[in-house]
$ cat coords.txt   # compact mmCIF, C-alpha atoms
# COMPACT_ATOMS: atom_id res chain seq x y z
CA MET A 1466 -10.10 13.00 14.95
CA LYS A 1467 -8.99 14.80 11.80
CA ILE A 1468 -10.86 18.01 11.02
CA ILE A 1469 -10.95 18.70 7.28
CA ASP A 1470 -12.19 22.01 5.88
CA GLY A 1471 -14.28 21.20 2.82
CA SER A 1472 -14.01 24.78 1.57
CA TYR A 1473 -10.26 24.50 0.92
CA GLY A 1474 -9.03 25.14 -2.64
CA GLU A 1475 -11.67 24.36 -5.22
CA GLY A 1476 -13.99 23.38 -2.36
CA GLY A 1477 -15.70 20.52 -4.18
CA GLY A 1478 -16.70 16.94 -3.51
CA GLN A 1479 -13.19 15.61 -4.03
CA ILE A 1480 -12.20 16.70 -0.52
CA LEU A 1481 -15.00 14.52 0.86
CA ARG A 1482 -14.12 11.51 -1.33
CA THR A 1483 -10.40 11.51 -0.55
CA SER A 1484 -10.87 12.28 3.15
CA LEU A 1485 -13.28 9.41 3.68
CA ALA A 1486 -11.15 6.96 1.69
CA LEU A 1487 -8.09 7.84 3.79
CA SER A 1488 -10.15 7.62 6.97
CA VAL A 1489 -11.13 4.06 6.04
CA ILE A 1490 -7.54 3.16 5.10
CA THR A 1491 -5.97 4.58 8.27
CA GLY A 1492 -8.84 3.80 10.65
CA GLU A 1493 -8.75 7.40 11.86
CA PRO A 1494 -12.10 9.17 12.38
CA VAL A 1495 -12.64 12.33 10.37
CA LYS A 1496 -14.91 15.35 10.60
CA ILE A 1497 -15.47 17.30 7.41
CA ILE A 1498 -16.88 20.81 7.70
CA ASN A 1499 -18.04 23.28 5.02
CA ILE A 1500 -18.73 20.42 2.58
CA ARG A 1501 -18.73 21.67 -1.03
CA ALA A 1502 -18.92 25.22 0.34
CA LYS A 1503 -17.85 26.80 -2.96
CA ARG A 1504 -20.45 25.05 -5.11
CA PRO A 1505 -23.74 26.69 -6.21
CA LYS A 1506 -25.60 24.07 -4.12
CA PRO A 1507 -23.38 23.43 -1.09
CA GLY A 1508 -23.51 20.24 0.93
CA LEU A 1509 -23.91 16.58 0.03
CA ARG A 1510 -25.54 15.82 -3.32
CA PRO A 1511 -26.94 12.35 -4.08
CA GLN A 1512 -23.74 10.91 -5.58
CA HIS A 1513 -21.73 12.15 -2.59
CA LEU A 1514 -24.24 10.76 -0.13
CA TYR A 1515 -24.22 7.34 -1.78
CA GLY A 1516 -20.44 7.36 -1.78
CA VAL A 1517 -20.50 8.06 1.98
CA LEU A 1518 -22.98 5.24 2.56
CA ALA A 1519 -20.91 2.82 0.46
CA LEU A 1520 -17.76 3.60 2.47
CA LYS A 1521 -19.82 3.28 5.64
CA GLU A 1522 -20.86 -0.23 4.60
CA LEU A 1523 -17.33 -1.15 3.52
CA SER A 1524 -15.79 -0.11 6.86
CA ASN A 1525 -18.75 -0.70 9.23
CA ALA A 1526 -18.49 2.97 10.13
CA GLU A 1527 -20.64 5.12 12.36
CA VAL A 1528 -21.66 8.29 10.52
CA LYS A 1529 -23.27 11.54 11.61
CA GLY A 1530 -24.65 14.05 9.11
CA ALA A 1531 -25.13 11.64 6.18
CA ARG A 1532 -28.08 13.33 4.52
CA GLU A 1533 -28.61 15.29 1.34
CA GLY A 1534 -27.66 18.95 1.76
CA SER A 1535 -25.58 18.35 4.87
CA THR A 1536 -22.49 20.58 5.10
CA GLU A 1537 -20.89 18.69 8.00
CA LEU A 1538 -20.10 15.01 8.40
CA GLU A 1539 -18.49 12.84 11.06
CA PHE A 1540 -17.15 9.44 10.02
CA TYR A 1541 -15.90 6.74 12.43
CA PRO A 1542 -14.56 3.68 10.52
CA LYS A 1543 -14.25 0.32 12.27
CA GLY A 1544 -12.28 -1.71 9.73
CA ILE A 1545 -12.65 -2.83 6.11
CA GLN A 1546 -14.55 -6.05 5.43
CA ALA A 1547 -14.66 -7.90 2.14
CA LYS A 1548 -18.24 -7.90 0.90
CA HIS A 1549 -20.40 -7.06 -2.10
CA ILE A 1550 -21.02 -3.31 -2.22
CA LYS A 1551 -24.19 -1.97 -3.88
CA VAL A 1552 -24.50 1.75 -4.56
CA PRO A 1553 -27.95 2.63 -5.96
CA ILE A 1554 -27.64 6.28 -7.05
CA LYS A 1555 -31.22 7.11 -8.00
CA THR A 1556 -30.24 10.07 -10.18
CA ALA A 1557 -27.63 10.57 -12.92
CA GLY A 1558 -25.04 11.12 -10.19
CA SER A 1559 -21.59 10.11 -11.37
CA ILE A 1560 -20.59 6.46 -10.94
CA THR A 1561 -16.91 7.26 -11.53
CA LEU A 1562 -16.85 9.83 -8.72
CA VAL A 1563 -18.22 7.19 -6.35
CA LEU A 1564 -15.49 4.84 -7.57
CA GLN A 1565 -12.88 7.52 -6.82
CA ALA A 1566 -13.97 7.30 -3.18
CA LEU A 1567 -14.36 3.52 -3.00
CA LEU A 1568 -11.39 2.20 -4.95
CA PRO A 1569 -8.50 3.46 -2.74
CA ALA A 1570 -10.18 1.92 0.31
CA MET A 1571 -11.22 -1.34 -1.35
CA VAL A 1572 -7.70 -2.30 -2.43
CA PHE A 1573 -6.50 -2.13 1.19
CA GLU A 1574 -8.68 -5.12 2.11
CA ASP A 1575 -6.88 -8.49 2.06
CA LYS A 1576 -9.66 -10.16 0.05
CA GLU A 1577 -11.32 -9.20 -3.22
CA ILE A 1578 -14.37 -6.94 -3.07
CA THR A 1579 -17.15 -6.91 -5.65
CA PHE A 1580 -19.40 -3.96 -6.36
CA GLU A 1581 -22.27 -2.73 -8.48
CA ILE A 1582 -23.15 0.91 -8.89
CA THR A 1583 -26.14 2.41 -10.68
CA GLY A 1584 -26.33 6.05 -11.78
CA GLY A 1585 -24.61 8.17 -14.42
CA THR A 1586 -21.82 6.70 -16.53
CA ASP A 1587 -21.41 9.64 -18.91
CA VAL A 1588 -22.28 12.95 -17.24
CA SER A 1589 -20.84 16.45 -17.04
CA TRP A 1590 -18.05 17.39 -14.61
CA SER A 1591 -16.81 13.85 -14.04
CA PRO A 1592 -14.67 11.28 -15.86
CA PRO A 1593 -16.69 9.16 -18.31
CA VAL A 1594 -16.75 5.49 -17.41
CA ASP A 1595 -14.73 4.57 -20.53
CA TYR A 1596 -11.99 6.97 -19.46
CA PHE A 1597 -11.93 5.40 -16.00
CA LYS A 1598 -11.79 1.90 -17.46
CA TYR A 1599 -9.19 2.45 -20.17
CA VAL A 1600 -7.04 5.31 -18.84
CA THR A 1601 -7.33 5.43 -15.04
CA LEU A 1602 -7.26 1.69 -14.36
CA TYR A 1603 -4.44 1.26 -16.89
CA ALA A 1604 -2.28 3.69 -14.88
CA LEU A 1605 -3.22 2.14 -11.55
CA GLU A 1606 -2.24 -1.28 -12.85
CA LYS A 1607 1.30 0.07 -13.33
CA MET A 1608 1.24 0.84 -9.59
CA GLY A 1609 0.30 -2.73 -8.71
CA ILE A 1610 -3.45 -2.22 -8.41
CA LYS A 1611 -5.74 -4.79 -9.96
CA ALA A 1612 -9.35 -3.78 -10.51
CA GLU A 1613 -11.84 -4.38 -13.28
CA ILE A 1614 -15.16 -2.90 -14.31
CA GLU A 1615 -17.87 -3.93 -16.75
CA ILE A 1616 -20.27 -1.40 -18.24
CA ARG A 1617 -23.61 -3.18 -18.41
CA ARG A 1618 -25.78 -0.16 -19.13
CA ARG A 1619 -25.05 3.50 -19.75
CA GLY A 1620 -26.66 6.34 -17.87
CA HIS A 1621 -26.91 9.97 -18.98
CA TYR A 1622 -28.34 13.13 -17.47
CA PRO A 1623 -31.11 13.52 -16.41
CA ARG A 1624 -32.44 9.94 -16.12
CA GLY A 1625 -29.31 8.01 -15.12
CA GLY A 1626 -29.96 4.29 -14.90
CA GLY A 1627 -26.45 3.23 -15.83
CA LEU A 1628 -25.03 0.05 -14.31
CA VAL A 1629 -21.36 -0.71 -13.68
CA VAL A 1630 -20.17 -3.86 -11.93
CA GLY A 1631 -16.64 -4.83 -10.98
CA LYS A 1632 -14.04 -6.23 -8.62
CA ALA A 1633 -11.15 -4.79 -6.65
CA TYR A 1634 -8.32 -7.08 -5.57
CA PRO A 1635 -5.90 -6.75 -2.64
CA TRP A 1636 -3.03 -4.36 -3.32
CA GLU A 1637 -0.22 -6.84 -2.80
CA GLU A 1638 2.73 -4.98 -4.34
CA LYS A 1639 2.96 -1.21 -4.29
CA LYS A 1640 5.02 -0.26 -7.34
CA PRO A 1641 6.52 3.25 -7.62
CA LEU A 1642 5.22 5.14 -10.63
CA ILE A 1643 7.67 7.12 -12.73
CA ALA A 1644 5.67 8.79 -15.50
CA THR A 1645 7.53 11.84 -16.76
CA GLU A 1646 7.83 12.37 -20.52
CA PHE A 1647 6.63 10.08 -23.29
CA GLU A 1648 8.69 9.61 -26.44
CA LYS A 1649 6.38 7.64 -28.70
CA ILE A 1650 2.66 7.38 -29.46
CA TYR A 1651 1.91 3.87 -30.66
CA SER A 1652 -1.76 4.29 -31.52
CA PHE A 1653 -5.01 6.11 -30.82
CA GLU A 1654 -8.08 4.25 -29.59
CA GLY A 1655 -11.53 5.20 -28.44
CA ILE A 1656 -15.19 4.39 -27.94
CA SER A 1657 -18.01 6.44 -29.42
CA HIS A 1658 -21.50 5.61 -28.17
CA ALA A 1659 -25.10 6.62 -28.78
CA VAL A 1660 -28.12 5.27 -26.88
CA ARG A 1661 -31.77 5.88 -27.69
CA LEU A 1662 -30.53 7.77 -30.74
CA PRO A 1663 -30.02 6.90 -34.41
CA PRO A 1664 -26.81 4.89 -35.07
CA HIS A 1665 -25.41 7.62 -37.34
CA VAL A 1666 -24.83 9.82 -34.25
CA SER A 1667 -22.09 7.53 -32.95
CA ILE A 1668 -20.64 7.05 -36.43
CA ARG A 1669 -20.43 10.80 -37.09
CA GLN A 1670 -18.73 11.39 -33.74
CA THR A 1671 -16.16 8.74 -34.64
CA LYS A 1672 -15.54 10.13 -38.13
CA ALA A 1673 -14.95 13.68 -36.87
CA ALA A 1674 -12.54 12.58 -34.12
CA LYS A 1675 -10.66 10.25 -36.42
CA GLU A 1676 -10.14 12.92 -39.07
CA ILE A 1677 -8.61 15.34 -36.57
CA LEU A 1678 -6.30 12.76 -35.00
CA GLU A 1679 -5.13 11.47 -38.40
CA ARG A 1680 -4.45 15.01 -39.57
CA ALA A 1681 -2.29 15.73 -36.52
CA TYR A 1682 -0.50 12.35 -36.47
CA PRO A 1683 -0.77 10.87 -39.99
CA SER A 1684 1.55 7.95 -39.25
CA VAL A 1685 -0.22 6.81 -36.04
CA PRO A 1686 -3.08 4.29 -36.43
CA VAL A 1687 -6.52 5.26 -35.11
CA LYS A 1688 -9.16 2.74 -34.03
CA ILE A 1689 -12.41 4.02 -32.52
CA GLU A 1690 -15.23 1.58 -31.78
CA ASP A 1691 -18.84 2.54 -32.46
CA GLU A 1692 -21.38 1.50 -29.84
CA TYR A 1693 -25.03 1.85 -30.77
CA TYR A 1694 -28.24 -0.15 -30.53
CA GLU A 1695 -31.01 -1.12 -32.90
CA ARG A 1696 -34.44 0.33 -32.34
CA GLY A 1697 -36.36 -1.85 -29.90
CA LYS A 1698 -33.18 -3.48 -28.56
CA ASP A 1699 -31.78 -0.56 -26.59
CA PRO A 1700 -31.82 -1.26 -22.81
CA HIS A 1701 -30.87 2.29 -21.78
CA LEU A 1702 -33.08 5.01 -20.34
CA GLY A 1703 -31.30 7.59 -22.52
CA PRO A 1704 -31.08 9.40 -24.76
CA GLY A 1705 -27.41 10.27 -24.76
CA SER A 1706 -24.13 10.10 -26.61
CA GLY A 1707 -20.45 10.66 -26.04
CA ILE A 1708 -16.95 9.75 -27.08
CA VAL A 1709 -13.69 9.00 -25.28
CA VAL A 1710 -10.38 8.83 -27.16
CA TRP A 1711 -6.95 8.03 -25.79
CA ALA A 1712 -3.34 7.84 -26.93
CA ASN A 1713 -1.30 4.71 -26.19
CA THR A 1714 2.19 6.00 -25.42
CA ASP A 1715 5.39 4.30 -24.27
CA VAL A 1716 4.55 5.37 -20.68
CA LEU A 1717 0.80 5.66 -19.96
CA ARG A 1718 -2.39 6.59 -21.78
CA LEU A 1719 -3.65 10.16 -22.15
CA GLY A 1720 -7.31 10.85 -22.88
CA GLY A 1721 -9.89 13.29 -24.13
CA ASP A 1722 -13.68 13.12 -24.11
CA ALA A 1723 -16.87 14.97 -24.98
CA LEU A 1724 -20.59 14.53 -24.39
CA GLY A 1725 -23.47 15.01 -26.78
CA GLU A 1726 -26.37 17.27 -25.94
CA ARG A 1727 -29.56 18.45 -27.56
CA GLY A 1728 -28.79 20.71 -30.52
CA LYS A 1729 -25.06 19.90 -30.55
CA PRO A 1730 -23.96 18.29 -33.84
CA ALA A 1731 -22.27 14.89 -33.52
CA GLU A 1732 -19.33 16.26 -35.52
CA VAL A 1733 -18.72 18.88 -32.84
CA VAL A 1734 -18.73 16.20 -30.13
CA GLY A 1735 -16.08 14.15 -31.95
CA LYS A 1736 -14.03 17.25 -32.71
CA GLU A 1737 -14.05 18.39 -29.06
CA ALA A 1738 -12.79 15.05 -27.77
CA ALA A 1739 -9.99 14.80 -30.32
CA GLU A 1740 -8.85 18.39 -29.80
CA GLU A 1741 -8.88 17.93 -26.04
CA LEU A 1742 -6.62 14.90 -26.41
CA LEU A 1743 -4.25 16.77 -28.74
CA ASN A 1744 -3.98 19.56 -26.15
CA GLN A 1745 -3.00 17.01 -23.51
CA LEU A 1746 -0.28 15.66 -25.78
CA LYS A 1747 1.38 19.01 -26.55
CA PRO A 1748 3.73 19.19 -23.52
CA LYS A 1749 4.73 15.54 -24.10
CA TYR A 1750 4.16 14.88 -20.40
CA ALA A 1751 3.01 11.33 -19.62
CA VAL A 1752 -0.03 12.16 -17.43
CA ASP A 1753 -3.03 14.15 -18.66
CA MET A 1754 -4.77 16.81 -16.56
CA PHE A 1755 -7.72 14.53 -15.75
CA LEU A 1756 -5.61 11.62 -14.49
CA GLY A 1757 -3.21 13.65 -12.34
CA ASP A 1758 -5.48 14.29 -9.37
CA GLN A 1759 -6.86 10.72 -9.49
CA LEU A 1760 -3.37 9.28 -8.99
CA ILE A 1761 -2.46 11.39 -5.95
CA PRO A 1762 -3.96 9.20 -3.16
CA PHE A 1763 -2.34 6.07 -4.63
CA LEU A 1764 0.98 7.77 -5.38
CA ALA A 1765 1.36 8.62 -1.69
CA PHE A 1766 1.69 4.89 -0.94
CA THR A 1767 3.87 3.89 -3.90
CA GLY A 1768 6.25 6.80 -4.27
CA GLY A 1769 7.43 8.10 -7.62
CA GLU A 1770 7.05 11.10 -9.86
CA ILE A 1771 4.48 12.19 -12.44
CA TRP A 1772 4.62 15.00 -14.99
CA VAL A 1773 1.18 16.38 -15.75
CA SER A 1774 0.04 18.20 -18.90
CA LYS A 1775 -1.70 20.74 -16.66
CA ILE A 1776 -1.69 21.29 -12.90
CA THR A 1777 -5.33 21.57 -11.84
CA LYS A 1778 -7.05 22.84 -8.71
CA HIS A 1779 -8.29 19.29 -8.19
CA LEU A 1780 -4.71 18.00 -8.09
CA VAL A 1781 -3.53 20.67 -5.65
CA THR A 1782 -6.57 20.05 -3.45
CA ASN A 1783 -5.99 16.29 -3.39
CA VAL A 1784 -2.35 16.84 -2.40
CA TRP A 1785 -3.55 19.04 0.46
CA VAL A 1786 -6.04 16.41 1.70
CA VAL A 1787 -3.45 13.62 1.66
CA GLU A 1788 -1.05 15.81 3.62
CA GLN A 1789 -3.70 16.55 6.25
CA PHE A 1790 -3.44 12.86 7.14
CA PHE A 1791 0.26 12.15 6.62
CA GLY A 1792 2.19 15.41 6.74
CA LYS A 1793 4.52 16.45 3.93
CA VAL A 1794 4.37 13.84 1.16
CA PHE A 1795 4.54 15.70 -2.16
CA GLU A 1796 6.47 18.40 -3.90
CA VAL A 1797 4.49 20.14 -6.64
CA GLU A 1798 6.39 22.14 -9.24
CA GLY A 1799 4.37 24.35 -11.55
CA GLU A 1800 1.46 26.77 -11.58
CA ILE A 1801 -2.22 25.92 -11.76
CA GLY A 1802 -3.28 25.88 -15.41
CA LYS A 1803 0.20 25.03 -16.72
CA PRO A 1804 2.25 21.84 -17.17
CA GLY A 1805 3.87 20.69 -13.96
CA LYS A 1806 5.58 17.96 -11.95
CA VAL A 1807 4.62 16.09 -8.79
CA ARG A 1808 7.21 14.18 -6.78
CA VAL A 1809 6.75 12.02 -3.70
CA VAL A 1810 9.33 13.24 -1.19
CA ARG A 1811 8.21 10.89 1.59
CA ARG A 1812 6.31 7.69 0.85
CA VAL A 1813 3.57 6.66 3.26
CA ASN A 1814 4.00 3.20 4.80
CA LEU A 1815 0.96 1.50 6.33
$ encode --input "coords.txt" --output "structure tokens"
Amino acid sequence: MKIIDGSYGEGGGQILRTSLALSVITGEPVKIINIRAKRPKPGLRPQHLYGVLALKELSNAEVKGAREGSTELEFYPKGIQAKHIKVPIKTAGSITLVLQALLPAMVFEDKEITFEITGGTDVSWSPPVDYFKYVTLYALEKMGIKAEIEIRRRGHYPRGGGLVVGKAYPWEEKKPLIATEFEKIYSFEGISHAVRLPPHVSIRQTKAAKEILERAYPSVPVKIEDEYYERGKDPHLGPGSGIVVWANTDVLRLGGDALGERGKPAEVVGKEAAEELLNQLKPKYAVDMFLGDQLIPFLAFTGGEIWVSKITKHLVTNVWVVEQFFGKVFEVEGEIGKPGKVRVVRRVNL
């Protein structure tokens, strides 16, 4: 049994997600101690617990310690089975963080797996669902992974209620990813949304983001979609708003995002997302700081090299977790908080 110290590095939920996914993939039991030890509220939170229970269902696992607040968990997987996975997060817990745990394991099944997850689609401290759909899945497709999601309803803090459905297909061909520097930006795209709010909120977010991107790259086209609902026809629990923008380069996509909140002008929301994206583009590295750590578990199986606009604690932590299972896999060049490079020095074959 692998013993994983959940207090390592940034000491967050990512250690749990990656450890359990790799446990399911390898079939090796895992015990995680000091879960989220460095967070203000240590232990399993609702979105982590539901991620554990979803992986339990996927792999017919036996689990000890799967309860809210638990700081220790034992997980004994018995083998992945194709089925329909339902994850009913009853708070605004992040849907994309649950997907970060589920997706690596799901693609190792030899049949397609369908899923539906309720919870938060656009919440703090996690990738917005539009980023996951248009940036993360785009990169994973280059690695041979085929998965799709549909956003049926958005969920914001504190009420949640978002609904995402999708499919994950067997990972038939593991393609090495070489994503170093980009040379050309073809276009900017994005989605600005507002639910249970006046339509002008989404429009103002779009206008502010578009102005900043066009000022920085006057020759690059910008297309940002507005998503809003007429009064009486809005199915969301809401209220909430947000925007995700991304750059289509000759290698991958790089993104930026921002969330609305009470008292925060829509123009500020749009400006934050656009400026965040421009910061990711400055080093001209092909992978943004948010995507880097998400690629690590997959990169171990494909091989390759990625250059990241900023090395984050999340990335370094994910490298550490992968290497607890497989030994030396990666070489990381660069300091936390600065642009850096990640190379696979020994690809994992399963």
$ closest_atom_pairs --input "coords.txt" --of "region 1711-1791 of chain A" --to "region 1596-1608 of chain A" --cutoff "12 Å" --atoms "all atoms listed in the file" --output "tab-separated table"
residue	atom	partner	partner_atom	distance
A:Trp1711	CA	A:Val1600	CA	7.5
A:Ala1712	CA	A:Val1600	CA	9.2
A:Asn1713	CA	A:Val1600	CA	9.3
A:Thr1714	CA	A:Val1600	CA	11.4
A:Val1716	CA	A:Ala1604	CA	9.1
A:Leu1717	CA	A:Ala1604	CA	6.3
A:Arg1718	CA	A:Val1600	CA	5.6
A:Leu1719	CA	A:Val1600	CA	6.8
A:Gly1720	CA	A:Val1600	CA	6.9
A:Gly1721	CA	A:Tyr1596	CA	8.1
A:Asp1722	CA	A:Tyr1596	CA	7.9
A:Ala1723	CA	A:Tyr1596	CA	10.9
A:Ala1738	CA	A:Tyr1596	CA	11.6
A:Leu1742	CA	A:Tyr1596	CA	11.8
A:Ala1751	CA	A:Ala1604	CA	10.4
A:Val1752	CA	A:Ala1604	CA	9.1
A:Asp1753	CA	A:Val1600	CA	9.7
A:Met1754	CA	A:Thr1601	CA	11.8
A:Phe1755	CA	A:Thr1601	CA	9.1
A:Leu1756	CA	A:Thr1601	CA	6.4
A:Gly1757	CA	A:Thr1601	CA	9.6
A:Asp1758	CA	A:Thr1601	CA	10.7
A:Gln1759	CA	A:Thr1601	CA	7.7
A:Leu1760	CA	A:Leu1605	CA	7.6
A:Ile1761	CA	A:Leu1605	CA	10.8
A:Pro1762	CA	A:Leu1605	CA	11.0
A:Phe1763	CA	A:Leu1605	CA	8.0
A:Leu1764	CA	A:Met1608	CA	8.1
A:Ala1765	CA	A:Met1608	CA	11.1
A:Phe1766	CA	A:Met1608	CA	9.6
A:Thr1767	CA	A:Met1608	CA	7.0
A:Gly1768	CA	A:Met1608	CA	9.4
A:Gly1769	CA	A:Met1608	CA	9.7
A:Glu1770	CA	A:Met1608	CA	11.8
A:Ile1771	CA	A:Ala1604	CA	11.1
$ closest_residue --input "coords.txt" --among "A:Glu1533, A:Glu1613, A:Glu1796, A:Glu1788" --to "Val1594 (chain A)" --atoms "all atoms listed in the file"
A:Glu1613
$ atom_distance --input "coords.txt" --atom1 "CA of Leu1628 (chain A)" --atom2 "CA of Thr1583 (chain A)"
4.5 Å
$ closest_atom_pairs --input "coords.txt" --of "region 1486-1506 of chain A" --to "region 1473-1477 of chain A" --cutoff "8 Å" --atoms "all atoms listed in the file" --output "Markdown table"
| residue | atom | partner | partner_atom | distance |
| --- | --- | --- | --- | --- |
| A:Ile1500 | CA | A:Gly1477 | CA | 7.4 |
| A:Arg1501 | CA | A:Gly1477 | CA | 4.5 |
| A:Ala1502 | CA | A:Gly1476 | CA | 5.9 |
| A:Lys1503 | CA | A:Gly1476 | CA | 5.2 |
| A:Arg1504 | CA | A:Gly1477 | CA | 6.6 |
$ residues_around --input "coords.txt" --residues "Gly1655 (chain A)" --least-positions-apart "5" --cutoff "8 Å" --atoms "only C-alpha atoms" --output "list in words"
Lys1688, Ile1689, Glu1690, Ile1708, Val1709, Val1710 and Trp1711 of chain A
$ closest_residue --input "coords.txt" --among "A:Lys1576, A:Thr1556, A:Ala1519, A:Leu1568" --to "Leu1487 (chain A)" --atoms "all atoms listed in the file"
A:Leu1568
$ closest_residue --input "coords.txt" --among "A:Lys1640, A:Lys1806, A:Lys1521, A:Lys1747" --to "Ala1570 (chain A)" --atoms "only C-alpha atoms"
A:Lys1521
$ closest_residue --input "coords.txt" --among "A:Arg1482, A:His1779, A:Lys1496, A:Arg1624" --to "Gly1530 (chain A)" --atoms "only C-alpha atoms"
A:Lys1496
$ closest_residue --input "coords.txt" --among "A:Glu1574, A:Tyr1693, A:Val1687, A:Glu1679" --to "Tyr1634 (chain A)" --atoms "only C-alpha atoms"
A:Glu1574
$ atom_distance --input "coords.txt" --atom1 "CA of Lys1611 (chain A)" --atom2 "CA of Phe1790 (chain A)"
24.7 Å
$ atom_distance --input "coords.txt" --atom1 "CA of Lys1675 (chain A)" --atom2 "CA of Pro1623 (chain A)"
28.8 Å
$ residues_around --input "coords.txt" --residues "Ile1776 (chain A)" --least-positions-apart "4" --cutoff "8 Å" --atoms "only C-alpha atoms" --output "list in words"
Met1754, Gly1757, Leu1780, Val1781, Gly1799, Glu1800, Ile1801, Gly1802, Lys1803, Pro1804 and Gly1805 of chain A
$ closest_residue --input "coords.txt" --among "A:Gly1544, A:Pro1511, A:Gly1478, A:Pro1505" --to "Thr1491 (chain A)" --atoms "all atoms listed in the file"
A:Gly1544
$ residues_around --input "coords.txt" --residues "Ile1677 (chain A)" --least-positions-apart "5" --cutoff "9 Å" --atoms "all atoms listed in the file" --output "list of chain:residue names"
A:Lys1672, A:Tyr1682, A:Gly1735, A:Lys1736, A:Ala1739, A:Glu1740
$ residues_around --input "coords.txt" --residues "Val1666 (chain A)" --least-positions-apart "3" --cutoff "12 Å" --atoms "all atoms listed in the file" --output "JSON, numbers by chain"
{"A": [1657, 1658, 1659, 1660, 1661, 1662, 1663, 1669, 1670, 1671, 1672, 1673, 1691, 1692, 1693, 1694, 1704, 1705, 1706, 1707, 1708, 1724, 1725, 1726, 1727, 1729, 1730, 1731, 1732, 1733, 1734, 1735]}
$ decode --input "coords.txt" --residues "region 1505-1542 of chain A" --atoms "C-alpha atoms" --output "mmCIF file, in the first residue's frame"
data_model
loop_
_atom_site.group_PDB
_atom_site.id
_atom_site.type_symbol
_atom_site.label_atom_id
_atom_site.label_comp_id
_atom_site.auth_asym_id
_atom_site.auth_seq_id
_atom_site.Cartn_x
_atom_site.Cartn_y
_atom_site.Cartn_z
ATOM 1 C CA PRO A 1505 -7.898 26.647 6.990
ATOM 2 C CA LYS A 1506 -10.420 23.779 7.275
ATOM 3 C CA PRO A 1507 -8.354 20.585 7.008
ATOM 4 C CA GLY A 1508 -9.788 17.272 5.887
ATOM 5 C CA LEU A 1509 -12.292 16.273 3.234
ATOM 6 C CA ARG A 1510 -14.710 18.964 2.068
ATOM 7 C CA PRO A 1511 -17.901 18.052 0.165
ATOM 8 C CA GLN A 1512 -16.383 18.231 -3.333
ATOM 9 C CA HIS A 1513 -13.466 16.043 -2.233
ATOM 10 C CA LEU A 1514 -15.770 13.538 -0.578
ATOM 11 C CA TYR A 1515 -17.954 13.246 -3.665
ATOM 12 C CA GLY A 1516 -14.867 12.797 -5.808
ATOM 13 C CA VAL A 1517 -13.779 9.932 -3.527
ATOM 14 C CA LEU A 1518 -17.212 8.330 -3.739
ATOM 15 C CA ALA A 1519 -17.276 8.669 -7.539
ATOM 16 C CA LEU A 1520 -13.886 6.948 -7.859
ATOM 17 C CA LYS A 1521 -15.091 4.322 -5.400
ATOM 18 C CA GLU A 1522 -18.060 3.586 -7.661
ATOM 19 C CA LEU A 1523 -15.909 3.627 -10.802
ATOM 20 C CA SER A 1524 -13.423 1.092 -9.405
ATOM 21 C CA ASN A 1525 -15.671 -0.876 -6.997
ATOM 22 C CA ALA A 1526 -13.271 0.156 -4.247
ATOM 23 C CA GLU A 1527 -13.390 -0.421 -0.527
ATOM 24 C CA VAL A 1528 -12.866 2.861 1.317
ATOM 25 C CA LYS A 1529 -12.178 3.746 4.941
ATOM 26 C CA GLY A 1530 -12.439 7.307 6.232
ATOM 27 C CA ALA A 1531 -14.739 8.676 3.504
ATOM 28 C CA ARG A 1532 -16.547 11.301 5.533
ATOM 29 C CA GLU A 1533 -16.557 15.076 5.655
ATOM 30 C CA GLY A 1534 -13.699 16.423 7.777
ATOM 31 C CA SER A 1535 -11.702 13.202 7.654
ATOM 32 C CA THR A 1536 -7.926 13.740 7.508
ATOM 33 C CA GLU A 1537 -7.075 10.121 6.691
ATOM 34 C CA LEU A 1538 -8.361 7.842 3.952
ATOM 35 C CA GLU A 1539 -7.697 4.280 2.830
ATOM 36 C CA PHE A 1540 -8.667 3.312 -0.708
ATOM 37 C CA TYR A 1541 -8.637 -0.254 -2.098
ATOM 38 C CA PRO A 1542 -9.609 -0.303 -5.822
#
